[in-house]
$ cat final_2.txt   # compact mmCIF, C-alpha atoms
# COMPACT_ATOMS: atom_id res chain seq x y z
CA MET A 1 -22.71 34.27 22.63
CA ASP A 2 -20.55 31.23 23.44
CA ASP A 3 -20.59 30.22 19.77
CA ILE A 4 -19.48 33.70 18.75
CA VAL A 5 -16.63 33.72 21.23
CA LYS A 6 -15.64 30.23 20.19
CA GLY A 7 -15.76 31.25 16.53
CA ARG A 8 -13.51 34.23 17.22
CA SER A 9 -11.01 32.05 19.06
CA LEU A 10 -10.56 29.69 16.15
CA ASP A 11 -7.69 30.41 13.81
CA ALA A 12 -8.17 30.08 10.04
CA GLU A 13 -6.68 26.59 9.91
CA SER A 14 -8.93 25.24 12.67
CA ARG A 15 -11.97 26.81 11.02
CA ARG A 16 -11.12 25.11 7.74
CA SER A 17 -10.72 21.79 9.57
CA LEU A 18 -14.25 22.14 10.90
CA GLU A 19 -15.52 23.07 7.46
CA LEU A 20 -13.83 20.00 5.99
CA ASP A 21 -15.64 17.85 8.56
CA THR A 22 -18.79 18.42 6.51
CA LEU A 23 -17.08 16.63 3.61
CA SER A 24 -15.97 13.69 5.73
CA ALA A 25 -17.95 11.18 3.67
CA ILE A 26 -16.02 12.19 0.55
CA LEU A 27 -12.57 13.52 1.35
CA PRO A 28 -9.83 11.36 2.89
CA MET A 29 -10.26 12.56 6.48
CA ASP A 30 -6.96 11.07 7.59
CA ARG A 31 -5.56 14.01 5.57
CA ARG A 32 -8.04 16.60 6.84
CA ASP A 33 -5.51 18.54 8.93
CA ARG A 34 -3.04 18.55 6.03
CA LEU A 35 -5.69 19.82 3.63
CA ALA A 36 -6.70 22.51 6.10
CA GLN A 37 -3.12 23.81 6.08
CA LEU A 38 -2.85 23.91 2.30
CA LEU A 39 -6.31 25.01 1.18
CA THR A 40 -7.68 28.52 1.53
CA ASP A 41 -11.15 29.48 2.74
CA ASP A 42 -12.21 30.01 -0.86
CA ASP A 43 -10.89 26.57 -1.80
CA VAL A 44 -12.94 24.88 0.91
CA ALA A 45 -16.04 26.83 -0.11
CA THR A 46 -15.54 25.69 -3.71
CA LEU A 47 -15.23 22.03 -2.66
CA LYS A 48 -18.41 22.27 -0.59
CA HIS A 49 -20.20 23.81 -3.55
CA LEU A 50 -19.04 20.98 -5.84
CA ALA A 51 -20.20 18.41 -3.29
CA ARG A 52 -23.65 20.02 -3.20
CA GLU A 53 -23.76 20.00 -7.00
CA GLY A 54 -23.34 16.23 -6.95
CA MET A 55 -19.81 15.85 -8.32
CA GLY A 56 -18.72 12.20 -8.10
CA GLU A 57 -16.88 11.26 -4.91
CA ASN A 58 -13.74 10.04 -6.69
CA SER A 59 -13.62 13.14 -8.88
CA LEU A 60 -14.06 15.45 -5.89
CA ARG A 61 -11.41 13.57 -3.92
CA ALA A 62 -8.94 13.89 -6.80
CA LEU A 63 -9.84 17.55 -7.26
CA ALA A 64 -9.19 18.30 -3.58
CA SER A 65 -5.83 16.52 -3.75
CA ASP A 66 -4.80 18.39 -6.91
CA LEU A 67 -5.92 21.72 -5.46
CA ALA A 68 -3.90 21.12 -2.30
CA TYR A 69 -0.81 20.34 -4.38
CA LEU A 70 -1.30 23.45 -6.54
CA GLU A 71 -1.62 25.62 -3.43
CA GLY A 72 1.53 24.07 -1.96
CA TRP A 73 3.43 24.56 -5.21
CA ALA A 74 2.30 28.19 -5.53
CA ALA A 75 3.46 28.93 -1.97
CA ALA A 76 6.88 27.43 -2.74
CA ALA A 77 7.28 28.83 -6.27
CA ILE A 78 5.87 32.37 -5.96
CA GLY A 79 5.46 32.81 -2.20
CA GLU A 80 1.74 33.51 -2.50
CA PRO A 81 -1.58 31.61 -2.49
CA LEU A 82 -2.77 30.34 -5.84
CA PRO A 83 -4.20 33.34 -7.74
CA TRP A 84 -7.65 33.26 -9.38
CA PRO A 85 -7.58 33.57 -12.29
CA ALA A 86 -4.17 32.11 -12.97
CA SER A 87 -2.02 33.80 -15.58
CA GLU A 88 -0.68 32.01 -18.61
CA ALA A 89 2.84 32.68 -17.32
CA LEU A 90 2.07 30.87 -14.05
CA ALA A 91 0.63 27.85 -15.87
CA LEU A 92 3.72 27.73 -18.10
CA LYS A 93 5.91 27.92 -14.99
CA PHE A 94 4.02 24.94 -13.56
CA VAL A 95 4.72 22.93 -16.71
CA ALA A 96 8.40 23.91 -16.71
CA HIS A 97 8.76 22.88 -13.07
CA HIS A 98 7.21 19.45 -13.56
CA LEU A 99 8.03 18.30 -17.10
CA TRP A 100 11.70 18.59 -17.97
CA ASP A 101 14.59 16.77 -19.62
CA PRO A 102 16.87 14.92 -17.15
CA ALA A 103 19.75 15.06 -19.63
CA GLN A 104 19.44 18.84 -19.91
CA ARG A 105 19.32 19.10 -16.12
CA GLU A 106 22.80 17.53 -15.91
CA SER A 107 24.34 20.40 -17.87
CA ASP A 108 22.00 23.16 -16.67
CA PRO A 109 21.00 22.96 -12.96
CA ARG A 110 18.44 25.74 -13.54
CA HIS A 111 16.47 23.49 -15.88
CA GLY A 112 13.31 22.02 -14.36
CA MET A 113 12.05 22.60 -10.83
CA PRO A 114 14.33 24.89 -8.79
CA VAL A 115 16.11 23.17 -5.92
CA ASP A 116 14.53 25.40 -3.27
CA VAL A 117 11.02 24.79 -4.62
CA ALA A 118 11.60 21.04 -4.67
CA ALA A 119 12.99 21.13 -1.13
CA ALA A 120 9.96 23.06 0.14
CA LEU A 121 7.52 20.64 -1.50
CA ARG A 122 9.47 17.66 -0.18
CA GLU A 123 9.43 19.08 3.33
CA GLU A 124 5.66 19.48 3.07
CA GLY A 125 5.32 15.85 1.97
CA LEU A 126 3.98 16.90 -1.43
CA LEU A 127 6.95 15.75 -3.53
CA ARG A 128 8.49 12.29 -3.44
CA SER A 129 10.13 11.66 -6.82
CA ASP A 130 13.47 13.17 -7.83
CA GLY A 131 12.82 13.34 -11.56
CA PRO A 132 10.13 14.95 -13.70
CA HIS A 133 6.51 14.16 -12.97
CA ALA A 134 4.48 11.70 -14.98
CA PRO A 135 2.86 13.54 -17.93
CA SER A 136 -0.51 12.08 -16.97
CA THR A 137 -0.22 13.60 -13.48
CA VAL A 138 0.70 17.03 -14.84
CA LYS A 139 -2.12 16.94 -17.40
CA ARG A 140 -4.61 15.89 -14.70
CA ARG A 141 -3.57 18.72 -12.39
CA LEU A 142 -3.81 21.24 -15.21
CA ALA A 143 -7.26 19.85 -16.04
CA SER A 144 -8.30 20.16 -12.37
CA TRP A 145 -6.98 23.72 -12.32
CA GLY A 146 -9.07 24.49 -15.40
CA THR A 147 -12.16 22.80 -13.93
CA LEU A 148 -11.92 24.92 -10.80
CA HIS A 149 -11.69 28.06 -12.91
CA ARG A 150 -14.87 27.12 -14.75
CA TRP A 151 -16.73 26.36 -11.51
CA LYS A 152 -15.67 29.74 -10.16
CA GLY A 153 -17.01 31.36 -13.33
CA ILE A 154 -13.67 32.81 -14.42
CA GLU A 155 -11.54 32.35 -17.50
CA GLY A 156 -8.27 30.45 -17.28
CA PRO A 157 -5.35 30.12 -19.66
CA PHE A 158 -5.63 26.36 -20.05
CA GLY A 159 -6.88 26.35 -23.62
CA SER A 160 -4.24 28.73 -24.92
CA PRO A 161 -2.12 27.57 -27.87
CA ALA A 162 1.07 28.49 -26.02
CA LEU A 163 0.23 26.27 -23.04
CA ARG A 164 -0.93 23.37 -25.20
CA SER A 165 2.26 23.57 -27.23
CA ALA A 166 4.40 23.79 -24.10
CA VAL A 167 2.81 20.68 -22.63
CA ARG A 168 3.21 18.74 -25.88
CA LEU A 169 6.89 19.67 -26.22
CA ALA A 170 7.62 19.09 -22.52
CA VAL A 171 6.11 15.60 -22.66
CA ARG A 172 8.42 14.74 -25.54
CA ALA A 173 11.41 16.10 -23.61
CA SER A 174 10.69 14.09 -20.46
CA PRO A 175 9.80 10.58 -21.61
CA ARG A 176 9.17 8.01 -18.90
CA PRO A 177 7.65 4.53 -19.01
CA ARG A 178 4.01 4.21 -18.05
CA ARG A 179 3.69 2.70 -14.59
CA ARG A 180 0.95 0.22 -13.92
CA LYS A 181 -1.35 0.73 -10.97
CA SER A 182 -0.51 -2.83 -9.97
CA LYS A 183 2.86 -4.24 -10.97
CA ARG A 184 1.39 -7.72 -11.27
CA ALA A 185 -2.11 -8.80 -12.20
CA VAL A 186 -4.22 -10.90 -9.85
CA THR A 187 -4.93 -13.69 -12.32
CA ARG A 188 -6.82 -16.85 -11.40
CA ASP A 189 -3.74 -18.68 -10.09
CA VAL A 190 -2.89 -15.72 -7.84
CA LEU A 191 -6.52 -15.36 -6.77
CA ASP A 192 -6.60 -19.03 -5.72
CA ARG A 193 -3.62 -18.43 -3.44
CA LEU A 194 -5.30 -15.38 -1.88
CA VAL A 195 -8.56 -17.26 -1.40
CA ALA A 196 -6.69 -20.08 0.34
CA THR A 197 -5.69 -17.63 3.11
CA CYS A 198 -9.38 -17.11 3.95
CA ALA A 199 -10.02 -20.72 4.99
CA THR A 200 -10.77 -20.17 8.69
CA ASP A 201 -14.11 -19.23 10.23
CA ARG A 202 -12.86 -15.83 11.39
CA LEU A 203 -15.32 -13.12 10.44
CA ALA A 204 -12.58 -11.12 8.69
CA ASP A 205 -11.77 -14.16 6.55
CA THR A 206 -15.41 -14.51 5.52
CA ARG A 207 -15.54 -10.82 4.60
CA ASP A 208 -12.23 -10.81 2.74
CA LEU A 209 -13.16 -13.94 0.78
CA ALA A 210 -16.36 -12.23 -0.40
CA ILE A 211 -14.42 -9.08 -1.32
CA LEU A 212 -11.79 -10.94 -3.36
CA LEU A 213 -14.23 -13.14 -5.26
CA LEU A 214 -16.77 -10.38 -5.88
CA ALA A 215 -14.17 -7.82 -7.01
CA PHE A 216 -12.59 -10.27 -9.44
CA ALA A 217 -15.67 -12.06 -10.79
CA SER A 218 -17.71 -8.89 -11.30
CA GLY A 219 -15.25 -7.76 -13.96
CA GLY A 220 -12.45 -6.48 -11.75
CA ARG A 221 -14.35 -3.83 -9.85
CA ARG A 222 -12.39 -0.81 -8.71
CA ARG A 223 -11.61 -0.61 -5.01
CA SER A 224 -13.84 2.48 -4.68
CA GLU A 225 -16.76 0.57 -6.21
CA VAL A 226 -16.23 -2.36 -3.82
CA ALA A 227 -15.96 -0.06 -0.81
CA ARG A 228 -19.20 1.81 -1.52
CA LEU A 229 -21.24 -1.23 -2.61
CA ARG A 230 -24.60 -1.32 -0.84
CA ILE A 231 -27.23 -3.96 -0.20
CA GLU A 232 -29.68 -1.98 -2.31
CA GLN A 233 -27.52 -2.63 -5.39
CA LEU A 234 -27.81 -6.42 -5.12
CA THR A 235 -30.52 -8.54 -6.72
CA ASP A 236 -30.94 -12.30 -6.44
CA GLU A 237 -31.32 -13.82 -9.90
CA PRO A 238 -32.67 -17.23 -10.97
CA ALA A 239 -30.11 -20.03 -10.76
CA VAL A 240 -28.21 -20.74 -13.98
CA PRO A 241 -27.01 -24.10 -15.38
CA LEU A 242 -23.39 -25.09 -14.88
CA ASP A 243 -23.37 -26.23 -18.51
CA PRO A 244 -25.79 -24.10 -20.57
CA THR A 245 -25.79 -26.72 -23.34
CA ASP A 246 -26.98 -29.54 -21.03
CA PRO A 247 -30.67 -29.44 -20.04
CA LYS A 248 -29.95 -31.71 -17.05
CA SER A 249 -26.98 -29.71 -15.83
CA PRO A 250 -26.82 -28.82 -12.13
CA THR A 251 -27.46 -25.16 -11.40
CA LEU A 252 -25.38 -22.42 -9.79
CA PRO A 253 -26.58 -19.47 -7.68
CA CYS A 254 -26.68 -16.13 -9.49
CA ALA A 255 -26.89 -12.50 -8.40
CA SER A 256 -26.56 -9.14 -10.13
CA ILE A 257 -25.05 -5.82 -9.10
CA GLN A 258 -26.49 -2.51 -10.28
CA LEU A 259 -23.36 -0.39 -10.49
CA GLY A 260 -24.84 3.09 -10.79
CA ARG A 261 -22.16 5.80 -10.83
CA THR A 262 -18.75 4.53 -11.91
CA LYS A 263 -15.51 6.20 -12.97
CA THR A 264 -16.57 6.17 -16.63
CA GLY A 265 -20.33 6.38 -16.16
CA ASP A 266 -22.93 8.17 -14.09
CA ALA A 267 -25.78 7.35 -11.80
CA ASP A 268 -28.25 7.16 -14.69
CA ASP A 269 -26.35 4.40 -16.46
CA GLU A 270 -27.95 0.96 -16.46
CA GLY A 271 -24.63 -0.76 -15.82
CA ARG A 272 -25.29 -4.21 -14.38
CA VAL A 273 -22.94 -7.14 -13.88
CA PHE A 274 -23.62 -10.73 -12.85
CA LEU A 275 -22.06 -13.05 -10.31
CA VAL A 276 -22.33 -16.81 -10.67
CA GLY A 277 -21.33 -19.65 -8.36
CA PRO A 278 -18.66 -19.28 -5.61
CA PRO A 279 -18.70 -15.44 -5.47
CA VAL A 280 -22.45 -15.53 -4.78
CA GLU A 281 -22.01 -18.20 -2.11
CA ALA A 282 -19.20 -16.24 -0.44
CA LEU A 283 -21.24 -13.03 -0.51
CA ARG A 284 -24.32 -14.71 0.94
CA GLU A 285 -22.27 -16.27 3.74
CA TRP A 286 -20.81 -12.88 4.65
CA LEU A 287 -24.22 -11.22 4.67
CA GLU A 288 -25.66 -14.00 6.83
CA ARG A 289 -22.81 -13.97 9.36
CA SER A 290 -22.57 -10.18 9.49
CA ASP A 291 -26.34 -9.68 9.61
CA VAL A 292 -25.98 -6.74 7.23
CA ARG A 293 -29.47 -5.98 5.95
CA LYS A 294 -29.09 -2.49 4.54
CA GLY A 295 -26.44 0.09 3.72
CA PRO A 296 -22.77 -0.69 3.05
CA ILE A 297 -22.01 -4.35 2.43
CA PHE A 298 -18.36 -4.44 3.40
CA ARG A 299 -17.59 -2.91 6.80
CA ALA A 300 -14.77 -2.59 9.27
CA ILE A 301 -14.40 -5.29 11.95
CA ASP A 302 -12.76 -4.54 15.29
CA ARG A 303 -10.50 -6.85 17.28
CA TRP A 304 -13.48 -8.38 19.09
CA GLU A 305 -15.16 -9.18 15.73
CA ALA A 306 -17.76 -6.50 16.22
CA ILE A 307 -18.94 -5.13 12.88
CA GLU A 308 -18.94 -1.36 12.59
CA GLU A 309 -21.58 0.72 10.86
CA ARG A 310 -19.15 2.51 8.58
CA ALA A 311 -18.15 1.13 5.20
CA LEU A 312 -14.61 0.14 4.38
CA THR A 313 -12.61 2.84 2.64
CA PRO A 314 -11.05 2.22 -0.79
CA GLN A 315 -7.65 2.25 0.90
CA SER A 316 -8.83 -0.50 3.28
CA VAL A 317 -9.76 -2.67 0.29
CA ASN A 318 -6.28 -2.11 -1.11
CA LEU A 319 -4.68 -3.06 2.22
CA ILE A 320 -6.78 -6.24 2.38
CA VAL A 321 -5.39 -7.33 -0.99
CA LYS A 322 -1.84 -6.59 0.12
CA ARG A 323 -2.29 -8.38 3.45
CA ARG A 324 -3.67 -11.46 1.72
CA CYS A 325 -0.73 -11.41 -0.71
CA ALA A 326 1.70 -11.39 2.21
CA MET A 327 -0.18 -14.26 3.86
CA ALA A 328 0.00 -16.20 0.58
CA GLY A 329 3.77 -15.79 0.37
CA LEU A 330 3.61 -13.18 -2.40
CA ASP A 331 5.39 -9.83 -2.36
CA PRO A 332 2.67 -7.28 -1.47
CA ARG A 333 4.70 -4.56 -3.20
CA ASP A 334 3.88 -6.23 -6.52
CA PHE A 335 0.11 -6.05 -6.04
CA THR A 336 -2.64 -3.51 -5.42
CA ALA A 337 -6.40 -3.83 -5.52
CA HIS A 338 -6.22 -2.66 -9.14
CA GLY A 339 -4.49 -5.96 -9.90
CA LEU A 340 -7.93 -7.59 -9.63
CA ARG A 341 -9.10 -5.43 -12.54
CA SER A 342 -6.13 -6.09 -14.79
CA GLY A 343 -6.16 -9.72 -13.65
CA TYR A 344 -9.75 -10.22 -14.70
CA LEU A 345 -9.07 -9.07 -18.25
CA THR A 346 -5.78 -10.95 -18.43
CA GLU A 347 -7.52 -14.14 -17.27
CA ALA A 348 -10.32 -13.57 -19.78
CA ALA A 349 -7.69 -13.44 -22.54
CA ARG A 350 -6.01 -16.60 -21.22
CA GLN A 351 -9.29 -18.51 -21.32
CA GLY A 352 -10.25 -17.32 -24.78
CA VAL A 353 -13.10 -15.01 -23.72
CA ALA A 354 -13.78 -12.47 -26.46
CA LEU A 355 -12.77 -8.94 -25.43
CA PRO A 356 -16.25 -7.43 -26.09
CA GLU A 357 -17.80 -10.03 -23.77
CA ALA A 358 -15.20 -9.36 -21.07
CA MET A 359 -15.80 -5.62 -21.45
CA GLN A 360 -19.51 -6.10 -20.76
CA GLN A 361 -18.58 -7.46 -17.35
CA SER A 362 -15.72 -5.03 -16.65
CA GLN A 363 -17.82 -2.11 -17.95
CA HIS A 364 -14.96 -0.64 -19.96
CA ARG A 365 -16.11 1.70 -22.69
CA SER A 366 -12.86 1.87 -24.64
CA VAL A 367 -11.42 -1.19 -26.37
CA GLN A 368 -8.00 0.44 -26.26
CA GLN A 369 -8.26 1.05 -22.52
CA ALA A 370 -9.44 -2.50 -21.81
CA ALA A 371 -6.73 -4.04 -23.96
CA SER A 372 -4.07 -1.98 -22.20
CA TYR A 373 -4.66 -3.95 -19.00
CA TYR A 374 -3.29 -7.11 -20.56
CA ASN A 375 0.08 -7.55 -18.88
CA GLU A 376 3.16 -7.44 -21.07
CA ALA A 377 4.13 -10.81 -19.66
CA GLU A 378 0.92 -12.31 -21.01
CA ARG A 379 1.35 -10.58 -24.36
CA ALA A 380 4.88 -11.95 -24.65
CA GLN A 381 3.44 -15.46 -24.43
CA GLY A 382 0.89 -14.84 -27.14
CA ARG A 383 1.06 -15.47 -30.89
CA ALA A 384 0.84 -11.79 -31.87
CA ALA A 385 4.38 -11.14 -30.62
CA ARG A 386 5.77 -14.30 -32.27
CA LEU A 387 4.76 -13.96 -35.90
CA ALA A 388 8.41 -13.63 -36.99
CA LEU A 389 9.42 -16.96 -35.45

$ encode --input "final_2.txt" --output "structure tokens"
Amino acid sequence: MDDIVKGRSLDAESRRSLELDTLSAILPMDRRDRLAQLLTDDDVATLKHLAREGMGENSLRALASDLAYLEGWAAAAIGEPLPWPASEALALKFVAHHLWDPAQRESDPRHGMPVDVAAALREEGLLRSDGPHAPSTVKRRLASWGTLHRWKGIEGPFGSPALRSAVRLAVRASPRPRRRKSKRAVTRDVLDRLVATCATDRLADTRDLAILLLAFASGGRRRSEVARLRIEQLTDEPAVPLDPTDPKSPTLPCASIQLGRTKTGDADDEGRVFLVGPPVEALREWLERSDVRKGPIFRAIDRWEAIEERALTPQSVNLIVKRRCAMAGLDPRDFTAHGLRSGYLTEAARQGVALPEAMQQSQHRSVQQAASYYNEAERAQGRAARLAL
């Protein structure tokens, strides 16, 4: 009876907050209350269904974020919850509100997102930029919208020729430079400066040193992959020679990481990367000092140096990189954890490592995608840009 009374006393938003608690291992729970305000009961039920179906954590997290934005936009633009199925007219309105020509806006204030809609989204904390959205963001949100339609078993307008044409034309009308996930790459010289800040025997320094060296040396692992890395994914490998061509060469410790599910793969993939030398030593020291024997490798540490059971979040990994940059005298605004990924490939190019070999370690599947991480600054120093000299 108490449960029934309690259930009756809960408003819809509180009930959704409790429902979202069941997704706490996946969704960013620092945003739980915000999501509960934006999402409907049906939305939360859909997310729980997708979680049960085994959708990847990153994909589900992005889907929840996109769904919350779409609900917020619908409330501001049409004054109603997001309809299912969406009409073609509503999808076209979404494109018109987010992809527009700044030059046209100067002569026609009605062009693009209406001022009142933008103000409402800004007040809700859903809109930060003043100009048109990045085409990649709009395309991703449309794709998420379409995915949710399919999971609900209903037809959406997202494959219609009119919508495809509208997106293509709108992208041309609102050109904007592609922004890198990290303004600067964490190349070897930058990594050395970050590592130098981990020189004390503080437990956090031991952990952060292992994170930096592992993330870089394993091919520039994504922050989500570092955060969810578990003991069960590690394997000690036979030591390898420092100089493979010298039979008498001293040896270096070696370990491998079974990646499992990644952004571009799935849990059935046999993706495996190797660590050699200092990253292995740093990782072993962390595991010995932390006494982590199973479960998440990298965990939160409180002010008394007590190690918590919970794994670090991807955002925590990002903040560690930024904090170490600040300690090294670098501008943390120039770097994110993704800089370790672009830095690995940039450093591989600097040292003459063939791109296919570097891709084996980074686990990129597309040559074009891997090559795109090479910083323009590095390309400007190369011979390919200087053939006319």

$ atom_distance --input "final_2.txt" --atom1 "CA of Leu340 (chain A)" --atom2 "CA of Val186 (chain A)"
5.0 Å

$ residues_around --input "final_2.txt" --residues "region 143-151 of chain A" --least-positions-apart "6" --cutoff "9 Å" --atoms "all atoms listed in the file" --output "MDAnalysis selection string"
chainID A and resid 46 50 62:63 66:67 70 84:86 157:159

$ closest_residue --input "final_2.txt" --among "A:Glu357, A:Glu225, A:Asp201, A:Asp236" --to "Thr313 (chain A)" --atoms "only C-alpha atoms"
A:Glu225

$ atom_distance --input "final_2.txt" --atom1 "CA of Arg303 (chain A)" --atom2 "CA of Leu212 (chain A)"
21.1 Å

$ residues_around --input "final_2.txt" --residues "region 166-173 of chain A" --least-positions-apart "6" --cutoff "7 Å" --atoms "all atoms listed in the file" --output "VMD selection string"
chain A and resid 95 99 to 101 135

$ atom_distance --input "final_2.txt" --atom1 "CA of Arg221 (chain A)" --atom2 "CA of Arg341 (chain A)"
6.1 Å

$ closest_atom_pairs --input "final_2.txt" --of "region 36-96 of chain A" --to "region 105-123 of chain A" --cutoff "6 Å" --atoms "all atoms listed in the file" --output "CSV"
residue,atom,partner,partner_atom,distance
A:Ala76,CA,A:Val117,CA,5.3
A:Ala77,CA,A:Val117,CA,5.7
A:Ala96,CA,A:Gly112,CA,5.8

$ closest_residue --input "final_2.txt" --among "A:Arg193, A:Val367, A:Thr137, A:Arg230" --to "Ala354 (chain A)" --atoms "only C-alpha atoms"
A:Val367

$ residues_near_point --input "final_2.txt" --point "(-19.8, -11.8, -4.2)" --cutoff "8 Å" --atoms "all atoms listed in the file" --output "list in words"
Ala210, Ile211, Leu213, Leu214, Ala215, Ala217, Ser218, Leu275, Pro278, Pro279, Val280, Glu281, Ala282, Leu283 and Arg284 of chain A

$ residues_around --input "final_2.txt" --residues "Leu82 (chain A)" --least-positions-apart "3" --cutoff "10 Å" --atoms "all atoms listed in the file" --output "ChimeraX atom specification"
/A:39-40,43,67-68,70-75,78-79,85-86,90

$ write_last_selection --input "final_2.txt" --atoms "C-alpha atoms" --output "PDB file, in the frame of the given file"
ATOM      1  CA  LEU A  39      -6.310  25.010   1.180  1.00  0.00           C
ATOM      2  CA  THR A  40      -7.680  28.520   1.530  1.00  0.00           C
ATOM      3  CA  ASP A  43     -10.890  26.570  -1.800  1.00  0.00           C
ATOM      4  CA  LEU A  67      -5.920  21.720  -5.460  1.00  0.00           C
ATOM      5  CA  ALA A  68      -3.900  21.120  -2.300  1.00  0.00           C
ATOM      6  CA  LEU A  70      -1.300  23.450  -6.540  1.00  0.00           C
ATOM      7  CA  GLU A  71      -1.620  25.620  -3.430  1.00  0.00           C
ATOM      8  CA  GLY A  72       1.530  24.070  -1.960  1.00  0.00           C
ATOM      9  CA  TRP A  73       3.430  24.560  -5.210  1.00  0.00           C
ATOM     10  CA  ALA A  74       2.300  28.190  -5.530  1.00  0.00           C
ATOM     11  CA  ALA A  75       3.460  28.930  -1.970  1.00  0.00           C
ATOM     12  CA  ILE A  78       5.870  32.370  -5.960  1.00  0.00           C
ATOM     13  CA  GLY A  79       5.460  32.810  -2.200  1.00  0.00           C
ATOM     14  CA  PRO A  85      -7.580  33.570 -12.290  1.00  0.00           C
ATOM     15  CA  ALA A  86      -4.170  32.110 -12.970  1.00  0.00           C
ATOM     16  CA  LEU A  90       2.070  30.870 -14.050  1.00  0.00           C
TER      17      LEU A  90
END

$ residues_around --input "final_2.txt" --residues "Gln361 (chain A)" --least-positions-apart "6" --cutoff "8 Å" --atoms "all atoms listed in the file" --output "PyMOL selection string"
chain A and resi 218-219+273-274

$ decode --input "final_2.txt" --residues "region 287-304 of chain A" --atoms "N, CA and C atoms" --output "tab-separated table (two decimals), in the first residue's frame"
chain	number	residue	atom	x	y	z
A	287	LEU	N	48.52	-0.91	-10.94
A	287	LEU	CA	47.75	-2.06	-10.49
A	287	LEU	C	48.29	-2.59	-9.16
A	288	GLU	N	49.60	-2.54	-8.99
A	288	GLU	CA	50.19	-3.01	-7.73
A	288	GLU	C	49.84	-2.07	-6.58
A	289	ARG	N	49.97	-0.77	-6.81
A	289	ARG	CA	49.70	0.19	-5.73
A	289	ARG	C	48.22	0.29	-5.40
A	290	SER	N	47.38	0.15	-6.42
A	290	SER	CA	45.93	0.27	-6.20
A	290	SER	C	45.30	-1.02	-5.71
A	291	ASP	N	46.01	-2.13	-5.91
A	291	ASP	CA	45.51	-3.46	-5.56
A	291	ASP	C	44.23	-3.79	-6.31
A	292	VAL	N	44.11	-3.27	-7.52
A	292	VAL	CA	42.97	-3.61	-8.37
A	292	VAL	C	43.23	-4.99	-8.96
A	293	ARG	N	42.33	-5.91	-8.69
A	293	ARG	CA	42.51	-7.30	-9.17
A	293	ARG	C	41.43	-7.73	-10.16
A	294	LYS	N	40.33	-7.00	-10.18
A	294	LYS	CA	39.27	-7.31	-11.13
A	294	LYS	C	38.44	-6.06	-11.36
A	295	GLY	N	37.65	-6.08	-12.44
A	295	GLY	CA	36.78	-4.96	-12.74
A	295	GLY	C	37.51	-3.79	-13.37
A	296	PRO	N	36.98	-2.57	-13.22
A	296	PRO	CA	37.56	-1.40	-13.87
A	296	PRO	C	39.00	-1.16	-13.43
A	297	ILE	N	39.85	-0.82	-14.37
A	297	ILE	CA	41.25	-0.57	-14.06
A	297	ILE	C	41.45	0.82	-13.46
A	298	PHE	N	40.88	1.82	-14.11
A	298	PHE	CA	41.10	3.19	-13.68
A	298	PHE	C	39.89	3.69	-12.89
A	299	ARG	N	40.14	4.08	-11.63
A	299	ARG	CA	39.05	4.41	-10.72
A	299	ARG	C	39.28	5.77	-10.07
A	300	ALA	N	38.20	6.29	-9.52
A	300	ALA	CA	38.28	7.56	-8.81
A	300	ALA	C	39.06	7.39	-7.52
A	301	ILE	N	39.74	8.46	-7.10
A	301	ILE	CA	40.52	8.47	-5.86
A	301	ILE	C	40.05	9.67	-5.04
A	302	ASP	N	39.69	9.44	-3.78
A	302	ASP	CA	39.22	10.57	-2.97
A	302	ASP	C	40.39	11.33	-2.37
A	303	ARG	N	40.09	12.35	-1.58
A	303	ARG	CA	41.14	13.23	-1.05
A	303	ARG	C	42.07	12.52	-0.08
A	304	TRP	N	41.62	11.41	0.50
A	304	TRP	CA	42.45	10.64	1.42
A	304	TRP	C	43.17	9.49	0.71
